[in-house]
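Listing of protein.txt, compact mmCIF, C-alpha atoms
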```
# COMPACT_ATOMS: atom_id res chain seq x y z
CA MET A 1 0.00 0.00 0.00
CA ARG A 2 2.82 2.41 0.86
CA LYS A 3 4.53 1.63 -2.45
CA LEU A 4 1.35 2.67 -4.25
CA PHE A 5 1.22 5.85 -2.16
CA SER A 6 4.85 6.64 -3.00
CA ARG A 7 4.14 6.18 -6.71
CA GLN A 8 1.10 8.44 -6.50
CA LEU A 9 3.19 11.13 -4.80
CA VAL A 10 5.76 10.98 -7.59
CA GLU A 11 3.04 11.09 -10.25
CA ALA A 12 1.45 14.14 -8.60
CA ARG A 13 4.80 15.92 -8.53
CA HIS A 14 5.40 15.11 -12.19
CA GLU A 15 1.94 16.39 -13.14
CA MET A 16 2.67 19.64 -11.28
CA LEU A 17 5.87 20.12 -13.29
CA SER A 18 4.11 19.20 -16.54
CA ILE A 19 1.39 21.79 -15.85
CA PHE A 20 4.08 24.40 -15.17
CA GLU A 21 5.56 23.57 -18.58
CA ALA A 22 2.12 23.90 -20.22
CA VAL A 23 1.54 27.32 -18.65
CA ASP A 24 4.96 28.49 -19.84
CA LEU A 25 4.48 27.29 -23.42
CA THR A 26 0.94 28.70 -23.60
CA LEU A 27 2.25 32.06 -22.44
CA HIS A 28 4.69 31.98 -25.37
CA ASP A 29 1.75 31.42 -27.72
CA ALA A 30 -0.38 34.17 -26.17
CA VAL A 31 2.42 36.74 -26.36
CA ARG A 32 3.30 35.73 -29.92
CA ALA A 33 -0.35 36.12 -30.87
CA TYR A 34 -0.38 39.60 -29.33
CA VAL A 35 2.84 40.72 -31.01
CA THR A 36 2.04 39.30 -34.45
CA ASP A 37 -1.73 39.92 -34.49
CA ASP A 38 -2.40 36.20 -34.89
CA ARG A 39 -6.05 35.76 -33.93
CA ASP A 40 -6.07 32.00 -34.54
CA LEU A 41 -3.09 31.52 -32.23
CA ALA A 42 -4.77 33.70 -29.60
CA LYS A 43 -7.84 31.48 -29.77
CA LYS A 44 -5.74 28.32 -29.44
CA ALA A 45 -3.86 29.77 -26.46
CA LYS A 46 -7.13 30.65 -24.76
CA GLU A 47 -8.46 27.12 -25.31
CA LYS A 48 -5.26 25.66 -23.86
CA THR A 49 -5.74 27.68 -20.67
CA PHE A 50 -9.10 25.99 -20.07
CA GLN A 51 -7.43 22.60 -20.52
CA ILE A 52 -4.76 23.63 -18.00
CA ASP A 53 -7.45 24.72 -15.55
CA ALA A 54 -9.01 21.26 -15.78
CA ARG A 55 -5.66 19.59 -15.11
CA CYS A 56 -5.09 21.85 -12.10
CA ALA A 57 -8.50 20.99 -10.68
CA ASN A 58 -7.83 17.29 -11.13
CA LEU A 59 -4.39 17.51 -9.51
CA GLU A 60 -5.86 19.31 -6.52
CA ALA A 61 -8.50 16.60 -6.12
CA VAL A 62 -5.84 13.87 -6.31
CA CYS A 63 -3.75 15.55 -3.59
CA TYR A 64 -6.68 16.01 -1.21
CA ASN A 65 -7.72 12.41 -1.80
CA LEU A 66 -4.23 11.23 -0.84
CA ILE A 67 -4.34 13.33 2.31
CA ALA A 68 -7.75 11.95 3.24
CA THR A 69 -7.00 8.29 2.51
CA GLN A 70 -3.30 7.91 3.33
CA SER A 71 -2.84 10.20 6.36
CA PRO A 72 0.63 11.35 5.23
CA VAL A 73 3.07 12.73 7.77
CA ALA A 74 6.32 14.73 7.75
CA SER A 75 7.92 15.14 4.31
CA ASP A 76 5.12 13.28 2.50
CA PHE A 77 2.64 15.81 3.84
CA ARG A 78 4.96 18.73 3.00
CA LEU A 79 5.21 17.50 -0.58
CA LEU A 80 1.43 17.33 -0.92
CA GLN A 81 1.08 20.78 0.62
CA THR A 82 3.71 22.10 -1.77
CA ILE A 83 2.01 20.57 -4.81
CA ILE A 84 -1.37 22.01 -3.77
CA TYR A 85 0.14 25.45 -3.18
CA ILE A 86 1.99 25.49 -6.51
CA ASP A 87 -1.05 24.08 -8.30
CA PHE A 88 -3.14 26.99 -6.95
CA ASN A 89 -0.56 29.48 -8.21
CA LEU A 90 -0.38 27.79 -11.58
CA GLN A 91 -4.11 28.45 -11.89
CA ARG A 92 -3.46 32.11 -11.08
CA MET A 93 -0.77 32.26 -13.76
CA CYS A 94 -3.04 30.52 -16.24
CA ASP A 95 -5.72 33.15 -15.67
CA LYS A 96 -3.22 35.89 -16.59
CA VAL A 97 -2.17 33.96 -19.71
CA ARG A 98 -5.84 33.73 -20.74
CA ARG A 99 -6.20 37.49 -20.28
CA ILE A 100 -3.20 38.05 -22.56
CA ALA A 101 -4.76 35.78 -25.19
CA ARG A 102 -8.00 37.76 -24.94
CA ALA A 103 -6.09 41.02 -25.26
CA ALA A 104 -4.42 39.67 -28.41
CA ASN A 105 -7.85 38.87 -29.83
CA ARG A 106 -9.17 42.37 -29.02
CA LYS A 107 -6.08 43.95 -30.54
CA VAL A 108 -6.80 42.26 -33.87
CA LYS A 109 -10.56 42.71 -33.76
CA SER A 110 -10.72 46.37 -32.79
CA ASP A 111 -10.16 49.44 -34.94
CA PHE A 112 -7.19 50.79 -33.02
CA GLU A 113 -3.48 50.18 -33.42
CA VAL A 114 -1.27 49.84 -30.37
CA PRO A 115 1.88 51.96 -30.89
CA ALA A 116 4.78 49.81 -32.09
CA VAL A 117 7.04 50.99 -29.27
CA LEU A 118 4.60 49.55 -26.72
CA VAL A 119 4.32 46.23 -28.56
CA ASP A 120 8.13 45.99 -28.64
CA LEU A 121 8.26 46.59 -24.89
CA ILE A 122 5.68 43.85 -24.33
CA GLU A 123 7.84 41.43 -26.28
CA THR A 124 10.97 42.43 -24.35
CA GLU A 125 9.18 42.13 -21.00
CA ALA A 126 7.84 38.70 -21.98
CA GLU A 127 11.36 37.47 -22.72
CA SER A 128 12.38 38.43 -19.18
CA VAL A 129 9.31 36.68 -17.78
CA TYR A 130 10.27 33.50 -19.62
CA ARG A 131 13.64 33.61 -17.87
CA VAL A 132 12.00 34.02 -14.47
CA MET A 133 9.74 31.06 -15.16
CA GLY A 134 12.67 29.05 -16.46
CA ALA A 135 14.67 29.80 -13.32
CA SER A 136 11.68 28.92 -11.13
CA VAL A 137 11.12 25.55 -12.75
CA THR A 138 14.86 24.87 -12.72
CA ALA A 139 14.90 25.43 -8.95
CA LEU A 140 11.92 23.08 -8.51
CA VAL A 141 13.41 20.29 -10.64
CA ASN A 142 16.92 20.51 -9.20
CA ASN A 143 15.81 21.29 -5.62
CA ASP A 144 18.18 24.24 -5.83
CA LEU A 145 17.85 26.57 -2.86
CA SER A 146 20.65 28.85 -4.09
CA LEU A 147 18.69 29.53 -7.27
CA VAL A 148 15.65 30.47 -5.19
CA LEU A 149 17.71 33.21 -3.57
CA SER A 150 18.68 34.70 -6.93
CA LEU A 151 15.15 34.88 -8.33
CA SER A 152 14.48 38.38 -7.01
CA ASP A 153 17.22 39.73 -9.30
CA GLU A 154 15.50 38.19 -12.34
CA ASP A 155 12.14 39.60 -11.26
CA GLU A 156 13.61 43.08 -10.84
CA VAL A 157 14.34 43.16 -14.58
CA VAL A 158 10.70 42.32 -15.34
CA HIS A 159 9.39 44.94 -12.95
CA ASP A 160 11.68 47.61 -14.40
CA LEU A 161 10.34 46.85 -17.89
CA TYR A 162 6.78 46.97 -16.56
CA GLN A 163 7.41 50.44 -15.17
CA LYS A 164 9.14 51.50 -18.39
CA PHE A 165 6.10 50.34 -20.38
CA PHE A 166 3.74 52.65 -18.51
CA ARG A 167 6.17 55.56 -18.53
CA THR A 168 6.38 55.15 -22.30
CA PHE A 169 2.61 54.84 -22.57
CA ASN A 170 2.15 58.10 -20.67
CA ARG A 171 4.45 59.87 -23.12
CA THR A 172 2.80 58.35 -26.19
CA GLU A 173 0.39 60.48 -28.19
CA ALA A 174 -3.24 59.62 -27.51
CA VAL A 175 -4.72 56.93 -29.73
CA GLU A 176 -7.79 58.05 -31.68
CA LEU A 177 -10.77 55.99 -30.53
CA ASP A 178 -14.35 56.21 -31.72
CA ASP A 179 -16.25 55.43 -28.50
CA ASP A 180 -16.01 54.33 -24.88
CA ALA A 181 -16.16 50.65 -25.82
CA ALA A 182 -13.07 51.03 -27.99
CA MET A 183 -11.34 52.86 -25.14
CA ASP A 184 -12.16 49.97 -22.78
CA ASP A 185 -10.71 47.49 -25.27
CA PHE A 186 -7.56 49.58 -25.55
CA ARG A 187 -7.15 49.78 -21.78
CA ARG A 188 -7.50 46.00 -21.48
CA THR A 189 -4.91 45.54 -24.19
CA ILE A 190 -2.29 47.69 -22.53
CA MET A 191 -2.82 45.73 -19.30
CA VAL A 192 -0.79 42.93 -20.90
CA SER A 193 2.33 44.42 -19.35
CA ARG A 194 0.72 44.19 -15.91
CA TYR A 195 -0.30 40.57 -16.50
CA LEU A 196 3.28 39.69 -17.43
CA ASP A 197 4.61 41.34 -14.28
CA ARG A 198 2.18 39.34 -12.15
CA ILE A 199 3.05 36.06 -13.89
CA ALA A 200 6.72 36.56 -13.05
CA ASN A 201 5.87 37.34 -9.43
CA ILE A 202 3.59 34.31 -9.05
CA SER A 203 6.20 32.07 -10.66
CA MET A 204 8.65 33.16 -7.97
CA GLU A 205 6.10 32.33 -5.28
CA CYS A 206 6.01 28.78 -6.66
CA ALA A 207 9.79 28.48 -6.39
CA TYR A 208 9.85 29.99 -2.89
CA ARG A 209 7.69 27.07 -1.72
CA LEU A 210 10.69 24.84 -2.31
CA VAL A 211 12.13 26.18 0.95
CA PHE A 212 9.19 24.75 2.87
CA LEU A 213 9.46 21.41 1.08
CA LEU A 214 13.17 20.96 1.77
CA THR A 215 13.51 22.59 5.20
CA GLY A 216 10.06 22.51 6.77
CA GLN A 217 10.32 26.27 7.40
CA ARG A 218 7.75 28.75 6.06
CA TRP A 219 9.92 31.64 4.95
CA THR A 220 8.51 34.74 3.29
CA ALA A 221 10.08 36.62 0.38
CA ALA A 222 11.33 39.15 2.93
CA ASP A 223 12.99 36.38 4.95
CA LEU A 224 14.67 35.01 1.84
CA ALA A 225 15.96 38.45 0.89
CA GLU A 226 18.04 38.43 4.07
CA ALA A 227 19.10 34.76 3.93
CA ASP A 228 22.29 33.26 2.54
CA GLU A 229 22.85 29.97 0.77
CA GLY A 230 24.79 28.37 3.62
CA GLU A 231 22.03 29.12 6.09
CA LEU A 232 19.36 27.58 3.87
CA GLU A 233 21.41 24.51 3.00
CA GLY A 234 22.07 23.91 6.69
CA MET A 235 18.33 23.77 7.31
CA ARG A 236 17.61 20.90 4.93
CA VAL A 237 15.80 17.95 6.49
CA PRO A 238 15.81 14.33 5.23
CA SER A 239 13.04 13.28 2.86
CA GLY A 240 10.72 10.45 3.75
CA GLU A 241 10.40 7.22 1.84
CA GLY A 242 7.59 8.51 -0.36
CA VAL A 243 9.29 11.76 -1.39
CA ILE A 244 11.48 10.75 -4.29
CA LEU A 245 13.20 13.84 -5.67
CA ASP A 246 14.98 12.74 -8.82
CA PRO A 247 16.02 15.68 -11.05
CA ALA A 248 16.99 13.44 -13.97
CA THR A 249 13.48 11.95 -14.10
CA ASP A 250 11.69 15.19 -13.23
CA ALA A 251 13.45 16.98 -16.10
CA HIS A 252 11.52 14.83 -18.56
CA TYR A 253 8.29 16.59 -17.57
CA VAL A 254 9.59 20.04 -18.54
CA SER A 255 11.67 18.94 -21.50
CA SER A 256 9.70 20.98 -24.06
CA LEU A 257 10.76 24.29 -22.52
CA PRO A 258 13.17 26.41 -24.60
CA LEU A 259 16.67 25.47 -23.45
CA ASP A 260 17.89 29.06 -23.48
CA GLU A 261 15.37 29.92 -20.74
CA VAL A 262 16.26 27.26 -18.17
CA GLY A 263 19.33 26.91 -15.97
CA SER A 264 22.47 25.17 -17.20
CA GLU A 265 21.97 22.11 -14.99
CA LEU A 266 18.38 21.57 -16.12
CA LYS A 267 19.45 22.15 -19.72
CA ARG A 268 22.03 19.37 -19.35
CA LEU A 269 19.46 16.97 -17.90
CA ILE A 270 16.98 17.72 -20.69
CA GLU A 271 19.63 17.22 -23.37
CA GLU A 272 20.73 13.93 -21.83
CA GLY A 273 17.14 12.76 -21.70
CA ARG A 274 16.66 13.61 -25.37
CA GLU A 275 19.77 11.64 -26.31
CA GLU A 276 18.53 8.59 -24.42
CA ALA A 277 15.05 8.76 -25.99
```

Same coordinates, now as structure tokens:
Amino acid sequence: MRKLFSRQLVEARHEMLSIFEAVDLTLHDAVRAYVTDDRDLAKKAKEKTFQIDARCANLEAVCYNLIATQSPVASDFRLLQTIIYIDFNLQRMCDKVRRIARAANRKVKSDFEVPAVLVDLIETEAESVYRVMGASVTALVNNDLSLVLSLSDEDEVVHDLYQKFFRTFNRTEAVELDDDAAMDDFRRTIMVSRYLDRIANISMECAYRLVFLLTGQRWTAADLAEADEGELEGMRVPSGEGVILDPATDAHYVSSLPLDEVGSELKRLIEEGREEA
């Protein structure tokens, strides 16, 4: 019975990582649709977000069922708590991706043209967000606490671009719009920069949960800002029998991510997995 429970724990962890990959790749599609005015791609990205939502709901149900039927303790329970927490945040990220896909659709459908300088900034900001997400998933796969500590630097780049977007918007000549409805569409479209900023921040929250999984301590972002790698590493606690953390296997579930967006160690594991396939 415990062997079955251990396998179910591993499968739940793998599904969590696979959903993270799906959110990341769907964000690429939504942003590409926005930048290139591809309405069909925007529609496909939006449909994918509903599929991701369904997977998140199912994963949550699986985790609560394991808690109810298996009475997990110690590290097994921490892993389930971590998966549920990250799953919840993946749903939050997915909602923002869906909003970007909708904004892409409005941008094509409406009679206004977003200034090219703002579209370019969206694309640049998105590239930084991809790196934050890549770093977050790298930390989760490799159980890398040092990488968790460096995430705030990556996020700072995204936030700076977000602020630059709205400074540029404020200096841009007013767009000619026919009515209030068109103005509302335009406002929703320029919120894409805000959605990207939130996605990066939520992605970091997912990675921060790794500290709880590996140490049992609930540290906030403020706590982590003052921590050092040696302190965190010294707080690691042994994993239970059911918590099998195997980066080489876990890497398979995020292997479709662009290699230039993940960390060097995860890139190596993905490449080795592709060679063995």

Go ahead and compute the interatomic distance for CA of Val157 (chain A) and CA of Val262 (chain A), in Å to one decimal. 16.4 Å

May I ask which of the residues A:Gln91, A:Ser6, A:Thr249, A:Asn142 is the closest one to Ser264 (chain A), counting all atoms listed in the file?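 Using all atoms listed in the file, the shortest distance to Ser264 (chain A) belongs to A:Asn142.
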
Of the candidates A:Leu257, A:Ala200, A:Ile190, A:Leu266, which one gets nearest to Val114 (chain A) if we count all atoms listed in the file?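 The answer is A:Ile190, which sits nearest to Val114 (chain A).
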
Could you give me, as a PyMOL selection string, the residues within 8 Å of Val192 (chain A), counting all atoms listed in the file and dropping anything in the same chain fewer than 4 positions from it? chain A and resi 99-100+103+122+188+196

Need to verify the contact set: Val237 (chain A), 12 Å, all atoms listed in the file, exclusion of same-chain residues closer than 4 positions in sequence. Can you return it as an mmCIF file with C-alpha atoms, in the frame of the given file?
```cif
data_model
loop_
_atom_site.group_PDB
_atom_site.id
_atom_site.type_symbol
_atom_site.label_atom_id
_atom_site.label_comp_id
_atom_site.auth_asym_id
_atom_site.auth_seq_id
_atom_site.Cartn_x
_atom_site.Cartn_y
_atom_site.Cartn_z
ATOM 1 C CA ALA A 74 6.320 14.730 7.750
ATOM 2 C CA SER A 75 7.920 15.140 4.310
ATOM 3 C CA ARG A 78 4.960 18.730 3.000
ATOM 4 C CA VAL A 211 12.130 26.180 0.950
ATOM 5 C CA PHE A 212 9.190 24.750 2.870
ATOM 6 C CA LEU A 213 9.460 21.410 1.080
ATOM 7 C CA LEU A 214 13.170 20.960 1.770
ATOM 8 C CA THR A 215 13.510 22.590 5.200
ATOM 9 C CA GLY A 216 10.060 22.510 6.770
ATOM 10 C CA GLN A 217 10.320 26.270 7.400
ATOM 11 C CA LEU A 232 19.360 27.580 3.870
ATOM 12 C CA GLU A 233 21.410 24.510 3.000
ATOM 13 C CA VAL A 243 9.290 11.760 -1.390
#
```

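Each of A:Leu140, A:Cys56, A:Leu147, A:Ala135 was compared to Arg209 (chain A) using only C-alpha atoms, and A:Leu140 turns out to be the nearest.
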
Coordinates-based distance that separates CA of Ala139 (chain A) from CA of Val23 (chain A) (Å, one decimal): 16.6 Å

Atom-to-atom span, CA of Ser136 (chain A) and CA of Ala207 (chain A), Å: 5.1 Å

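With only C-alpha atoms as the atoms that count, the minimum distance from Ala57 (chain A) to the choices A:Leu4, A:Ile84, A:Pro247, A:Leu259 is reached by A:Ile84.
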
Would you kindly return, as a list in words, each protein, DNA or RNA residue with an atom no farther than 12 Å from any atom of Leu66 (chain A), considering only C-alpha atoms and excluding same-chain residues fewer than 3 positions away?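 Once the nearby chain positions are removed, what remains is Arg2, Leu4, Phe5, Ser6, Arg7, Gln8, Leu9, Glu11, Ala12, Leu59, Glu60, Ala61, Val62, Cys63, Thr69, Gln70, Ser71, Pro72, Val73, Asp76, Phe77, Leu79, Leu80, Gln81, Ile83 and Ile84 of chain A.
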
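Distance cut-off 12 Å, centre (20.2, 27.9, -20.3), atoms counted only C-alpha atoms; the residues meeting this are Tyr130, Arg131, Val132, Gly134, Ala135, Thr138, Leu257, Pro258, Leu259, Asp260, Glu261, Val262, Gly263, Ser264, Glu265, Leu266, Lys267, Arg268, Leu269, Ile270 and Glu271 of chain A.
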
Kindly export the residues of the current selection with C-alpha atoms, as a PDB file, in the frame of the given file.
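This is the output file part_33.pdb:
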```pdb
ATOM      1  CA  TYR A 130      10.270  33.500 -19.620  1.00  0.00           C
ATOM      2  CA  ARG A 131      13.640  33.610 -17.870  1.00  0.00           C
ATOM      3  CA  VAL A 132      12.000  34.020 -14.470  1.00  0.00           C
ATOM      4  CA  GLY A 134      12.670  29.050 -16.460  1.00  0.00           C
ATOM      5  CA  ALA A 135      14.670  29.800 -13.320  1.00  0.00           C
ATOM      6  CA  THR A 138      14.860  24.870 -12.720  1.00  0.00           C
ATOM      7  CA  LEU A 257      10.760  24.290 -22.520  1.00  0.00           C
ATOM      8  CA  PRO A 258      13.170  26.410 -24.600  1.00  0.00           C
ATOM      9  CA  LEU A 259      16.670  25.470 -23.450  1.00  0.00           C
ATOM     10  CA  ASP A 260      17.890  29.060 -23.480  1.00  0.00           C
ATOM     11  CA  GLU A 261      15.370  29.920 -20.740  1.00  0.00           C
ATOM     12  CA  VAL A 262      16.260  27.260 -18.170  1.00  0.00           C
ATOM     13  CA  GLY A 263      19.330  26.910 -15.970  1.00  0.00           C
ATOM     14  CA  SER A 264      22.470  25.170 -17.200  1.00  0.00           C
ATOM     15  CA  GLU A 265      21.970  22.110 -14.990  1.00  0.00           C
ATOM     16  CA  LEU A 266      18.380  21.570 -16.120  1.00  0.00           C
ATOM     17  CA  LYS A 267      19.450  22.150 -19.720  1.00  0.00           C
ATOM     18  CA  ARG A 268      22.030  19.370 -19.350  1.00  0.00           C
ATOM     19  CA  LEU A 269      19.460  16.970 -17.900  1.00  0.00           C
ATOM     20  CA  ILE A 270      16.980  17.720 -20.690  1.00  0.00           C
ATOM     21  CA  GLU A 271      19.630  17.220 -23.370  1.00  0.00           C
TER      22      GLU A 271
END
```

Where does region 84-183 of chain A meet region 24-33 of chain A within 7 Å, residue by residue, with the nearest atom pair and distance in Å to one decimal for each, counting all atoms listed in the file, listed by chain and rising number, as CSV?
```
residue,atom,partner,partner_atom,distance
A:Val97,CA,A:Leu27,CA,5.5
A:Ile100,CA,A:Ala30,CA,6.0
A:Ala101,CA,A:Ala30,CA,4.8
A:Ala104,CA,A:Ala33,CA,5.9
```

Selection as a compact mmCIF listing (two decimals) with C-alpha atoms, keeping the file's coordinate frame: residues within 10 Å of (-0.9, 23.7, -21.7), counting all atoms listed in the file:
```txt
# COMPACT_ATOMS: atom_id res chain seq x y z
CA SER A 18 4.11 19.20 -16.54
CA ILE A 19 1.39 21.79 -15.85
CA PHE A 20 4.08 24.40 -15.17
CA GLU A 21 5.56 23.57 -18.58
CA ALA A 22 2.12 23.90 -20.22
CA VAL A 23 1.54 27.32 -18.65
CA ASP A 24 4.96 28.49 -19.84
CA LEU A 25 4.48 27.29 -23.42
CA THR A 26 0.94 28.70 -23.60
CA LEU A 27 2.25 32.06 -22.44
CA ALA A 45 -3.86 29.77 -26.46
CA LYS A 46 -7.13 30.65 -24.76
CA GLU A 47 -8.46 27.12 -25.31
CA LYS A 48 -5.26 25.66 -23.86
CA THR A 49 -5.74 27.68 -20.67
CA PHE A 50 -9.10 25.99 -20.07
CA GLN A 51 -7.43 22.60 -20.52
CA ILE A 52 -4.76 23.63 -18.00
CA ASP A 53 -7.45 24.72 -15.55
CA ARG A 55 -5.66 19.59 -15.11
CA CYS A 94 -3.04 30.52 -16.24
```

Please provide as a compact mmCIF listing (two decimals) with C-alpha atoms, in the coordinates of the input all residues within 12 Å of Lys107 (chain A), with the sequence filter that same-chain residues fewer than 5 positions apart are discarded (counting all atoms listed in the file).
```
# COMPACT_ATOMS: atom_id res chain seq x y z
CA VAL A 31 2.42 36.74 -26.36
CA ALA A 33 -0.35 36.12 -30.87
CA TYR A 34 -0.38 39.60 -29.33
CA VAL A 35 2.84 40.72 -31.01
CA THR A 36 2.04 39.30 -34.45
CA ASP A 37 -1.73 39.92 -34.49
CA ASP A 38 -2.40 36.20 -34.89
CA ARG A 39 -6.05 35.76 -33.93
CA ALA A 42 -4.77 33.70 -29.60
CA ILE A 100 -3.20 38.05 -22.56
CA ALA A 101 -4.76 35.78 -25.19
CA ARG A 102 -8.00 37.76 -24.94
CA PHE A 112 -7.19 50.79 -33.02
CA GLU A 113 -3.48 50.18 -33.42
CA VAL A 114 -1.27 49.84 -30.37
CA PRO A 115 1.88 51.96 -30.89
CA VAL A 119 4.32 46.23 -28.56
CA ALA A 182 -13.07 51.03 -27.99
CA MET A 183 -11.34 52.86 -25.14
CA ASP A 184 -12.16 49.97 -22.78
CA ASP A 185 -10.71 47.49 -25.27
CA PHE A 186 -7.56 49.58 -25.55
CA ARG A 187 -7.15 49.78 -21.78
CA ARG A 188 -7.50 46.00 -21.48
CA THR A 189 -4.91 45.54 -24.19
CA ILE A 190 -2.29 47.69 -22.53
CA MET A 191 -2.82 45.73 -19.30
CA VAL A 192 -0.79 42.93 -20.90
```

Using all atoms listed in the file, which of A:Asp120, A:Tyr208, A:Ala126, A:Ser255 sits nearest Leu151 (chain A)?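 Nearest to Leu151 (chain A): A:Tyr208.
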
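When all atoms listed in the file are used to compute distances to Glu205 (chain A), the closest of the residues A:Val158, A:Val141, A:Ala222, A:Val10 turns out to be A:Ala222.
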